[in-house]
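To start, the structure itself, in structure tokens.
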Number of protein chains: 2
Amino acid sequence: MVTASAPGKVYLFGEHAVVYGEPAVPCAIGLRASVTAHEREGGLRIRADDLSLSGFTVEYDGDSNNRPDIDAPDSLVEAAMGYVDEAVAQVRDAADAPDAGFDITIESEIPLGAGLGSSAAVAAAAIEAGTRELGVELPSEEIAERAYQVENTVQNGQASRADTFCSTMGGAVRVEGEDCQPIDSPDLPFVIGYDGGAGDTGALVAGVRDLRDQYDFAADTVEAIGDVVRRGERALAAENVTEIGKLMDFNHGLLSALGVSSRTLDSMVWAARNADGLGAKLTGAGGGGCIVALDETPETLTALEYTPGCEEAFRAELDTDGVRVETE
Amino acid sequence: MVTASAPGKVYLFGEHAVVYGEPAVPCAIGLRASVTAHEREGGLRIRADDLSLSGFTVEYDGDSNNRPDIDAPDSLVEAAMGYVDEAVAQVRDAADAPDAGFDITIESEIPLGAGLGSSAAVAAAAIEAGTRELGVELPSEEIAERAYQVENTVQNGQASRADTFCSTMGGAVRVEGEDCQPIDSPDLPFVIGYDGGAGDTGALVAGVRDLRDQYDFAADTVEAIGDVVRRGERALAAENVTEIGKLMDFNHGLLSALGVSSRTLDSMVWAARNADGLGAKLTGAGGGGCIVALDETPETLTALEYTPGCEEAFRAELDTDGVRVETE
């Protein structure tokens, strides 16, 4: 029996623009998904206690028509099933063990569907746990690649490499098209606000595409985000946390112009700014979900806790550890 | 005795970027300042009942050291005194009547210091009323020029021609550098939300300048606002109110990126958007003050009335009349 874990992530800079070839910088955060894999005779049994799914245990034979009857939204259950199913397929392929069966237990500190990369973390941790359980040790690049394949299959070819690469490698990473590289970063005092919701990623991405197709100034705005990211990389290298915050603020404004913020996201961003946080922006697809702020003091966290529309606020540090074995 | 009035204004597009040579489009709104001028023997007596100054009547001899002792903030009293004083100087000059004295009465529907151009409207109306009282009829271009001189003197050479030109001419106008032109516009169903405050214009303009000096992407953002304005001119010419709203939304996002929005301005903008208004943005220097939204239905007005931080919400139509004589 092997337990592996992998971190969630926030986008420090560059979401949406990354779709058009601009660089982006996701950062792993100290909230983890853990997957325990225990080999068993054939088939797959999944147990998830802590996925905002009010806990479920399912006998699952890998046939998605046999969806278990549990009390949770279809979309989340199917998503969870899909990721684990595809991750186990990758484990069988990597270990050359097409018939391997598993008991899989998932626990996660990462709110599901909040744009914090919970699915990427589950995929990476499941691949690491499953292959180790079969006595195979994969290089991290291969875990990242296979976790990407998991997401890409479940997301019908629309996945970005950013989440899975970041979750596997840990720390700050730079993503530009197919190219993913770990980059240096100082400690970053992340504070995250979550409105309990989630935007419709597909619709948000399509909205940006429409604006960009229709208006040159929207294409320029996407490029300006790329320029913010490039400047942000220099600020990271220089460990200039004040400037990183300032660039996050600017990045948020450009995302707002592209129509992907929301009332509660803006409320949370202003709560952070007015609490003298160093900077704040939405993270991920937008339309709802999470903001990320930088603040070493307790002020931003307190301000978020009193912000209407903020369901949950918590602190998270940059996590330099990517996927790792916890126990075996 | 002559009473003249002139309208306030909102910026449909382009504030801040106009400082860097980009075009801007202010629009006159159906809220007016009225000035009544009555010739008298020497000196100047000013009466202002409705300027958020809780009403005052002052014998004023034009010497700013003799500031009257009334119950209102110094800055507002000095501003009101200064504008009327300079407007009367322009009247004396235009009518070649250096010793003309006046009783001046000011009434205004335009909230003072809210970024809706109350001072420009008072200046234009005072020049029109004063010169007519002396039997002189100035062409509107000259009223605009002299009202600009009033603002520029009071604002120590920092005034823009936009407010005074718009208030004098009425309707939508296009301002680019020194060049001001009336432009065609459809009826626009403005809804205005006012947070009761005002940003520090000097600090906000300086903040944009610093960002622009430091970062190429901020300079690009200023240019993108110019592109939004140029597109907005085409939408105005095409009477495409839906697109005008969409462009206002984009313009607001770019202003946010430049750091000139605020928590309450964003709250009001979101209230308008979530009420299915056609578009919404801050108007003027930002940091506080007013937002302008487009909505023919009552929804945005109602939403603003229930938005925390919105002190006052009202409807205003585009006013095609500029400065005009009301009674003589």
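Every chain in the structure tokens has a letter given in the order shown (A, B, ...), and although residue numbers restart at 1 in each chain, ligands are simply numbered from 1 in the order shown.
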
Chain B contacts to chain A at 9 Å (only C-alpha atoms) as a PyMOL selection string: chain B and resi 215-218+220-221+223-228+231+249-259+262-263+266-267+269-271+274

Please return, as a tab-separated table (two decimals) with all heavy atoms, in the first residue's frame, all residues of region 171-248 of chain B that DSSP assigns to helix (DSSP H, G or I) on the basis of the backbone.
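Produced file result-v3.tsv, reproduced below:
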```tsv
chain	number	residue	atom	x	y	z
B	201	THR	N	-7.63	63.45	-7.76
B	201	THR	CA	-7.32	63.43	-9.20
B	201	THR	C	-5.82	63.51	-9.46
B	201	THR	O	-5.28	62.74	-10.28
B	201	THR	CB	-8.04	64.61	-9.91
B	201	THR	OG1	-9.44	64.46	-9.68
B	201	THR	CG2	-7.78	64.59	-11.40
B	202	GLY	N	-5.14	64.42	-8.76
B	202	GLY	CA	-3.71	64.57	-8.99
B	202	GLY	C	-2.95	63.29	-8.73
B	202	GLY	O	-2.12	62.86	-9.53
B	203	ALA	N	-3.28	62.62	-7.61
B	203	ALA	CA	-2.59	61.39	-7.25
B	203	ALA	C	-2.91	60.27	-8.25
B	203	ALA	O	-2.05	59.46	-8.60
B	203	ALA	CB	-2.97	60.96	-5.83
B	204	LEU	N	-4.17	60.23	-8.71
B	204	LEU	CA	-4.57	59.19	-9.66
B	204	LEU	C	-3.86	59.38	-11.00
B	204	LEU	O	-3.36	58.42	-11.59
B	204	LEU	CB	-6.09	59.21	-9.84
B	204	LEU	CG	-6.89	58.75	-8.60
B	204	LEU	CD1	-8.31	59.33	-8.63
B	204	LEU	CD2	-6.92	57.23	-8.52
B	205	VAL	N	-3.81	60.63	-11.46
B	205	VAL	CA	-3.12	60.91	-12.73
B	205	VAL	C	-1.63	60.58	-12.58
B	205	VAL	O	-1.02	59.97	-13.47
B	205	VAL	CB	-3.34	62.38	-13.15
B	205	VAL	CG1	-2.43	62.77	-14.31
B	205	VAL	CG2	-4.80	62.62	-13.53
B	206	ALA	N	-1.07	60.92	-11.43
B	206	ALA	CA	0.36	60.63	-11.20
B	206	ALA	C	0.60	59.12	-11.14
B	206	ALA	O	1.62	58.63	-11.63
B	206	ALA	CB	0.82	61.30	-9.91
B	207	GLY	N	-0.35	58.38	-10.56
B	207	GLY	CA	-0.21	56.92	-10.48
B	207	GLY	C	-0.18	56.29	-11.86
B	207	GLY	O	0.63	55.39	-12.13
B	208	VAL	N	-1.05	56.77	-12.74
B	208	VAL	CA	-1.05	56.25	-14.12
B	208	VAL	C	0.27	56.60	-14.80
B	208	VAL	O	0.88	55.77	-15.49
B	208	VAL	CB	-2.24	56.82	-14.92
B	208	VAL	CG1	-2.14	56.42	-16.38
B	208	VAL	CG2	-3.56	56.33	-14.32
B	209	ARG	N	0.73	57.83	-14.57
B	209	ARG	CA	2.00	58.26	-15.18
B	209	ARG	C	3.15	57.37	-14.72
B	209	ARG	O	3.96	56.91	-15.53
B	209	ARG	CB	2.28	59.72	-14.83
B	209	ARG	CG	3.49	60.32	-15.53
B	209	ARG	CD	3.66	61.81	-15.21
B	209	ARG	NE	2.52	62.59	-15.62
B	209	ARG	CZ	2.34	63.07	-16.86
B	209	ARG	NH1	3.25	62.82	-17.80
B	209	ARG	NH2	1.27	63.78	-17.15
B	210	ASP	N	3.19	57.07	-13.43
B	210	ASP	CA	4.27	56.22	-12.91
B	210	ASP	C	4.23	54.83	-13.54
B	210	ASP	O	5.25	54.28	-13.94
B	210	ASP	CB	4.14	56.08	-11.38
B	210	ASP	CG	4.52	57.38	-10.66
B	210	ASP	OD1	5.06	58.29	-11.32
B	210	ASP	OD2	4.25	57.47	-9.45
B	211	LEU	N	3.03	54.23	-13.60
B	211	LEU	CA	2.91	52.91	-14.20
B	211	LEU	C	3.37	52.94	-15.66
B	211	LEU	O	4.08	52.06	-16.13
B	211	LEU	CB	1.45	52.43	-14.15
B	211	LEU	CG	0.95	51.82	-12.83
B	211	LEU	CD1	-0.55	51.61	-12.88
B	211	LEU	CD2	1.65	50.47	-12.57
B	212	ARG	N	2.93	53.99	-16.36
B	212	ARG	CA	3.23	54.10	-17.78
B	212	ARG	C	4.74	54.30	-18.00
B	212	ARG	O	5.32	53.77	-18.95
B	212	ARG	CB	2.45	55.29	-18.33
B	212	ARG	CG	2.45	55.39	-19.83
B	212	ARG	CD	1.44	56.43	-20.28
B	212	ARG	NE	1.69	56.77	-21.66
B	212	ARG	CZ	2.62	57.62	-22.06
B	212	ARG	NH1	3.37	58.24	-21.18
B	212	ARG	NH2	2.78	57.86	-23.35
B	213	ASP	N	5.36	55.07	-17.10
B	213	ASP	CA	6.81	55.27	-17.22
B	213	ASP	C	7.56	53.99	-16.92
B	213	ASP	O	8.60	53.71	-17.50
B	213	ASP	CB	7.28	56.36	-16.22
B	213	ASP	CG	6.85	57.75	-16.66
B	213	ASP	OD1	6.42	57.90	-17.82
B	213	ASP	OD2	6.92	58.69	-15.83
B	214	GLN	N	7.03	53.21	-15.98
B	214	GLN	CA	7.77	52.04	-15.53
B	214	GLN	C	7.58	50.82	-16.44
B	214	GLN	O	8.50	50.02	-16.61
B	214	GLN	CB	7.32	51.69	-14.10
B	214	GLN	CG	8.26	50.70	-13.42
B	214	GLN	CD	7.87	50.43	-11.98
B	214	GLN	OE1	6.89	50.99	-11.47
B	214	GLN	NE2	8.62	49.56	-11.32
B	216	ASP	N	6.12	49.04	-20.07
B	216	ASP	CA	5.61	49.14	-21.45
B	216	ASP	C	4.16	48.67	-21.54
B	216	ASP	O	3.36	49.20	-22.31
B	216	ASP	CB	6.47	48.30	-22.40
B	216	ASP	CG	7.81	48.97	-22.66
B	216	ASP	OD1	7.96	50.16	-22.32
B	216	ASP	OD2	8.71	48.29	-23.20
B	217	PHE	N	3.83	47.62	-20.76
B	217	PHE	CA	2.46	47.10	-20.89
B	217	PHE	C	1.44	48.10	-20.35
B	217	PHE	O	0.28	48.07	-20.77
B	217	PHE	CB	2.31	45.73	-20.22
B	217	PHE	CG	2.69	45.69	-18.77
B	217	PHE	CD1	1.85	46.23	-17.79
B	217	PHE	CD2	3.87	45.10	-18.36
B	217	PHE	CE1	2.20	46.19	-16.45
B	217	PHE	CE2	4.23	45.05	-17.02
B	217	PHE	CZ	3.39	45.60	-16.07
B	218	ALA	N	1.87	49.00	-19.46
B	218	ALA	CA	0.94	50.03	-19.00
B	218	ALA	C	0.75	51.08	-20.09
B	218	ALA	O	-0.36	51.57	-20.32
B	218	ALA	CB	1.45	50.66	-17.70
B	219	ALA	N	1.84	51.42	-20.80
B	219	ALA	CA	1.72	52.32	-21.94
B	219	ALA	C	0.80	51.68	-23.00
B	219	ALA	O	-0.04	52.36	-23.61
B	219	ALA	CB	3.09	52.62	-22.53
B	220	ASP	N	0.96	50.37	-23.21
B	220	ASP	CA	0.09	49.67	-24.17
B	220	ASP	C	-1.37	49.71	-23.71
B	220	ASP	O	-2.28	49.78	-24.54
B	220	ASP	CB	0.53	48.20	-24.31
B	220	ASP	CG	1.90	48.07	-24.96
B	220	ASP	OD1	2.36	49.06	-25.58
B	220	ASP	OD2	2.51	47.00	-24.84
B	221	THR	N	-1.58	49.64	-22.40
B	221	THR	CA	-2.94	49.68	-21.86
B	221	THR	C	-3.57	51.04	-22.12
B	221	THR	O	-4.75	51.13	-22.49
B	221	THR	CB	-2.91	49.35	-20.36
B	221	THR	OG1	-2.38	48.02	-20.20
B	221	THR	CG2	-4.31	49.40	-19.74
B	222	VAL	N	-2.77	52.11	-21.97
B	222	VAL	CA	-3.26	53.45	-22.29
B	222	VAL	C	-3.64	53.53	-23.78
B	222	VAL	O	-4.70	54.05	-24.14
B	222	VAL	CB	-2.19	54.51	-21.94
B	222	VAL	CG1	-2.55	55.88	-22.52
B	222	VAL	CG2	-2.01	54.60	-20.42
B	223	GLU	N	-2.79	52.97	-24.63
B	223	GLU	CA	-3.10	52.96	-26.07
B	223	GLU	C	-4.34	52.13	-26.37
B	223	GLU	O	-5.13	52.47	-27.25
B	223	GLU	CB	-1.93	52.38	-26.87
B	223	GLU	CG	-0.86	53.41	-27.18
B	223	GLU	CD	0.31	52.79	-27.93
B	223	GLU	OE1	0.09	51.95	-28.82
B	223	GLU	OE2	1.45	53.15	-27.61
B	224	ALA	N	-4.49	51.02	-25.64
B	224	ALA	CA	-5.68	50.18	-25.85
B	224	ALA	C	-6.94	50.97	-25.52
B	224	ALA	O	-7.97	50.82	-26.19
B	224	ALA	CB	-5.59	48.90	-25.00
B	225	ILE	N	-6.87	51.84	-24.50
B	225	ILE	CA	-8.03	52.69	-24.21
B	225	ILE	C	-8.33	53.58	-25.42
B	225	ILE	O	-9.48	53.74	-25.83
B	225	ILE	CB	-7.80	53.54	-22.93
B	225	ILE	CG1	-7.79	52.63	-21.70
B	225	ILE	CG2	-8.89	54.61	-22.78
B	225	ILE	CD1	-7.49	53.33	-20.38
B	226	GLY	N	-7.27	54.15	-26.01
B	226	GLY	CA	-7.47	54.95	-27.22
B	226	GLY	C	-8.17	54.15	-28.32
B	226	GLY	O	-9.07	54.65	-29.00
B	227	ASP	N	-7.78	52.89	-28.47
B	227	ASP	CA	-8.41	52.04	-29.49
B	227	ASP	C	-9.87	51.76	-29.15
B	227	ASP	O	-10.72	51.70	-30.04
B	227	ASP	CB	-7.64	50.72	-29.62
B	227	ASP	CG	-6.24	50.92	-30.20
B	227	ASP	OD1	-6.03	51.93	-30.91
B	227	ASP	OD2	-5.36	50.09	-29.93
B	228	VAL	N	-10.16	51.59	-27.86
B	228	VAL	CA	-11.56	51.41	-27.44
B	228	VAL	C	-12.36	52.66	-27.82
B	228	VAL	O	-13.48	52.56	-28.33
B	228	VAL	CB	-11.65	51.16	-25.92
B	228	VAL	CG1	-13.11	51.19	-25.44
B	228	VAL	CG2	-11.01	49.83	-25.54
B	229	VAL	N	-11.77	53.82	-27.60
B	229	VAL	CA	-12.47	55.08	-27.91
B	229	VAL	C	-12.76	55.16	-29.41
B	229	VAL	O	-13.88	55.49	-29.82
B	229	VAL	CB	-11.64	56.30	-27.46
B	229	VAL	CG1	-12.39	57.59	-27.80
B	229	VAL	CG2	-11.36	56.24	-25.97
B	230	ARG	N	-11.74	54.87	-30.22
B	230	ARG	CA	-11.93	54.95	-31.68
B	230	ARG	C	-13.04	53.99	-32.12
B	230	ARG	O	-13.88	54.31	-32.95
B	230	ARG	CB	-10.61	54.66	-32.41
B	230	ARG	CG	-9.66	55.86	-32.39
B	230	ARG	CD	-8.32	55.58	-33.08
B	230	ARG	NE	-7.40	54.89	-32.19
B	230	ARG	CZ	-6.55	55.52	-31.37
B	230	ARG	NH1	-6.49	56.83	-31.33
B	230	ARG	NH2	-5.75	54.82	-30.58
B	231	ARG	N	-13.03	52.79	-31.55
B	231	ARG	CA	-14.09	51.84	-31.86
B	231	ARG	C	-15.44	52.37	-31.36
B	231	ARG	O	-16.47	52.18	-31.99
B	231	ARG	CB	-13.76	50.49	-31.20
B	231	ARG	CG	-14.64	49.37	-31.65
B	231	ARG	CD	-14.26	48.92	-33.06
B	231	ARG	NE	-15.16	47.88	-33.50
B	231	ARG	CZ	-14.79	46.86	-34.27
B	231	ARG	NH1	-13.56	46.75	-34.73
B	231	ARG	NH2	-15.66	45.94	-34.63
B	232	GLY	N	-15.39	53.01	-30.18
B	232	GLY	CA	-16.61	53.57	-29.61
B	232	GLY	C	-17.20	54.67	-30.48
B	232	GLY	O	-18.43	54.80	-30.59
B	233	GLU	N	-16.34	55.47	-31.11
B	233	GLU	CA	-16.85	56.51	-32.02
B	233	GLU	C	-17.63	55.87	-33.16
B	233	GLU	O	-18.67	56.39	-33.58
B	233	GLU	CB	-15.68	57.30	-32.60
B	233	GLU	CG	-15.00	58.21	-31.60
B	233	GLU	CD	-13.79	58.88	-32.24
B	233	GLU	OE1	-13.97	59.60	-33.23
B	233	GLU	OE2	-12.66	58.65	-31.75
B	234	ARG	N	-17.12	54.75	-33.68
B	234	ARG	CA	-17.84	54.07	-34.76
B	234	ARG	C	-19.17	53.52	-34.26
B	234	ARG	O	-20.19	53.58	-34.96
B	234	ARG	CB	-16.97	52.94	-35.34
B	234	ARG	CG	-15.82	53.49	-36.17
B	234	ARG	CD	-14.68	52.51	-36.34
B	234	ARG	NE	-15.12	51.24	-36.92
B	234	ARG	CZ	-14.32	50.18	-37.09
B	234	ARG	NH1	-13.05	50.25	-36.73
B	234	ARG	NH2	-14.78	49.07	-37.62
B	235	ALA	N	-19.15	52.98	-33.04
B	235	ALA	CA	-20.40	52.45	-32.48
B	235	ALA	C	-21.42	53.58	-32.26
B	235	ALA	O	-22.63	53.39	-32.46
B	235	ALA	CB	-20.12	51.71	-31.17
B	236	LEU	N	-20.94	54.75	-31.86
B	236	LEU	CA	-21.84	55.90	-31.70
B	236	LEU	C	-22.42	56.30	-33.06
B	236	LEU	O	-23.63	56.53	-33.18
B	236	LEU	CB	-21.09	57.09	-31.10
B	236	LEU	CG	-20.87	57.08	-29.59
B	236	LEU	CD1	-19.83	58.13	-29.19
B	236	LEU	CD2	-22.18	57.34	-28.84
B	237	ALA	N	-21.56	56.37	-34.06
B	237	ALA	CA	-22.03	56.76	-35.39
B	237	ALA	C	-23.05	55.75	-35.91
B	237	ALA	O	-24.03	56.10	-36.58
B	237	ALA	CB	-20.85	56.87	-36.35
B	241	VAL	N	-26.01	50.80	-29.53
B	241	VAL	CA	-25.94	51.03	-28.08
B	241	VAL	C	-25.42	49.79	-27.34
B	241	VAL	O	-24.72	49.89	-26.33
B	241	VAL	CB	-27.31	51.48	-27.53
B	241	VAL	CG1	-27.22	51.79	-26.04
B	241	VAL	CG2	-27.78	52.74	-28.27
B	242	THR	N	-25.75	48.61	-27.87
B	242	THR	CA	-25.26	47.37	-27.25
B	242	THR	C	-23.73	47.33	-27.28
B	242	THR	O	-23.07	47.01	-26.29
B	242	THR	CB	-25.83	46.14	-27.98
B	242	THR	OG1	-27.25	46.24	-27.95
B	242	THR	CG2	-25.39	44.85	-27.31
B	243	GLU	N	-23.17	47.68	-28.44
B	243	GLU	CA	-21.71	47.66	-28.53
B	243	GLU	C	-21.09	48.77	-27.68
B	243	GLU	O	-20.04	48.57	-27.06
B	243	GLU	CB	-21.24	47.79	-29.98
B	243	GLU	CG	-19.72	47.66	-30.06
B	243	GLU	CD	-19.18	47.54	-31.47
B	243	GLU	OE1	-19.76	48.16	-32.39
B	243	GLU	OE2	-18.16	46.84	-31.63
B	244	ILE	N	-21.74	49.91	-27.61
B	244	ILE	CA	-21.23	50.99	-26.75
B	244	ILE	C	-21.10	50.48	-25.32
B	244	ILE	O	-20.09	50.71	-24.65
B	244	ILE	CB	-22.16	52.22	-26.83
B	244	ILE	CG1	-22.09	52.86	-28.22
B	244	ILE	CG2	-21.80	53.25	-25.75
B	244	ILE	CD1	-23.17	53.89	-28.51
B	245	GLY	N	-22.10	49.73	-24.85
B	245	GLY	CA	-22.06	49.18	-23.50
B	245	GLY	C	-20.90	48.22	-23.31
B	245	GLY	O	-20.19	48.26	-22.30
B	246	LYS	N	-20.71	47.35	-24.30
B	246	LYS	CA	-19.62	46.37	-24.23
B	246	LYS	C	-18.26	47.08	-24.17
B	246	LYS	O	-17.36	46.67	-23.42
B	246	LYS	CB	-19.74	45.52	-25.51
B	246	LYS	CG	-19.04	44.22	-25.52
B	246	LYS	CD	-19.53	43.44	-26.76
B	246	LYS	CE	-18.47	42.46	-27.20
B	246	LYS	NZ	-18.85	41.81	-28.47
B	247	LEU	N	-18.14	48.13	-24.95
B	247	LEU	CA	-16.88	48.88	-24.96
B	247	LEU	C	-16.67	49.64	-23.65
B	247	LEU	O	-15.54	49.78	-23.17
B	247	LEU	CB	-16.86	49.85	-26.15
B	247	LEU	CG	-16.86	49.17	-27.52
B	247	LEU	CD1	-17.11	50.18	-28.64
B	247	LEU	CD2	-15.54	48.43	-27.78
B	248	MET	N	-17.76	50.10	-23.04
B	248	MET	CA	-17.64	50.74	-21.72
B	248	MET	C	-17.10	49.73	-20.71
B	248	MET	O	-16.24	50.06	-19.88
B	248	MET	CB	-19.00	51.27	-21.26
B	248	MET	CG	-19.47	52.49	-22.04
B	248	MET	SD	-21.22	52.86	-21.70
B	248	MET	CE	-21.12	53.45	-20.00
```

Selected residue of minimal separation from Glu296 (chain B) among B:Gly199, B:Gly279, B:Gly177, B:Pro7, counting only C-alpha atoms: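 Closest candidate: B:Gly279.
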
Residues flagged strand (DSSP E or B) by DSSP in region 98-233 of chain A, as a list of chain:residue names: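 Restricting region 98-233 of chain A to strand (DSSP E or B) produces A:Gly101, A:Phe102, A:Asp103, A:Ile104, A:Thr105, A:Ile106, A:Glu107, A:Ser108, A:Ala172, A:Val173, A:Arg174, A:Val175, A:Glu176, A:Asp179, A:Cys180, A:Gln181, A:Pro182, A:Ile183, A:Pro189, A:Phe190, A:Val191, A:Ile192, A:Gly193, A:Tyr194.
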
From A:Glu86, A:Glu137, A:Asp184, A:Glu15, residue lying nearest Gly170 (chain A) [only C-alpha atoms]: A:Asp184
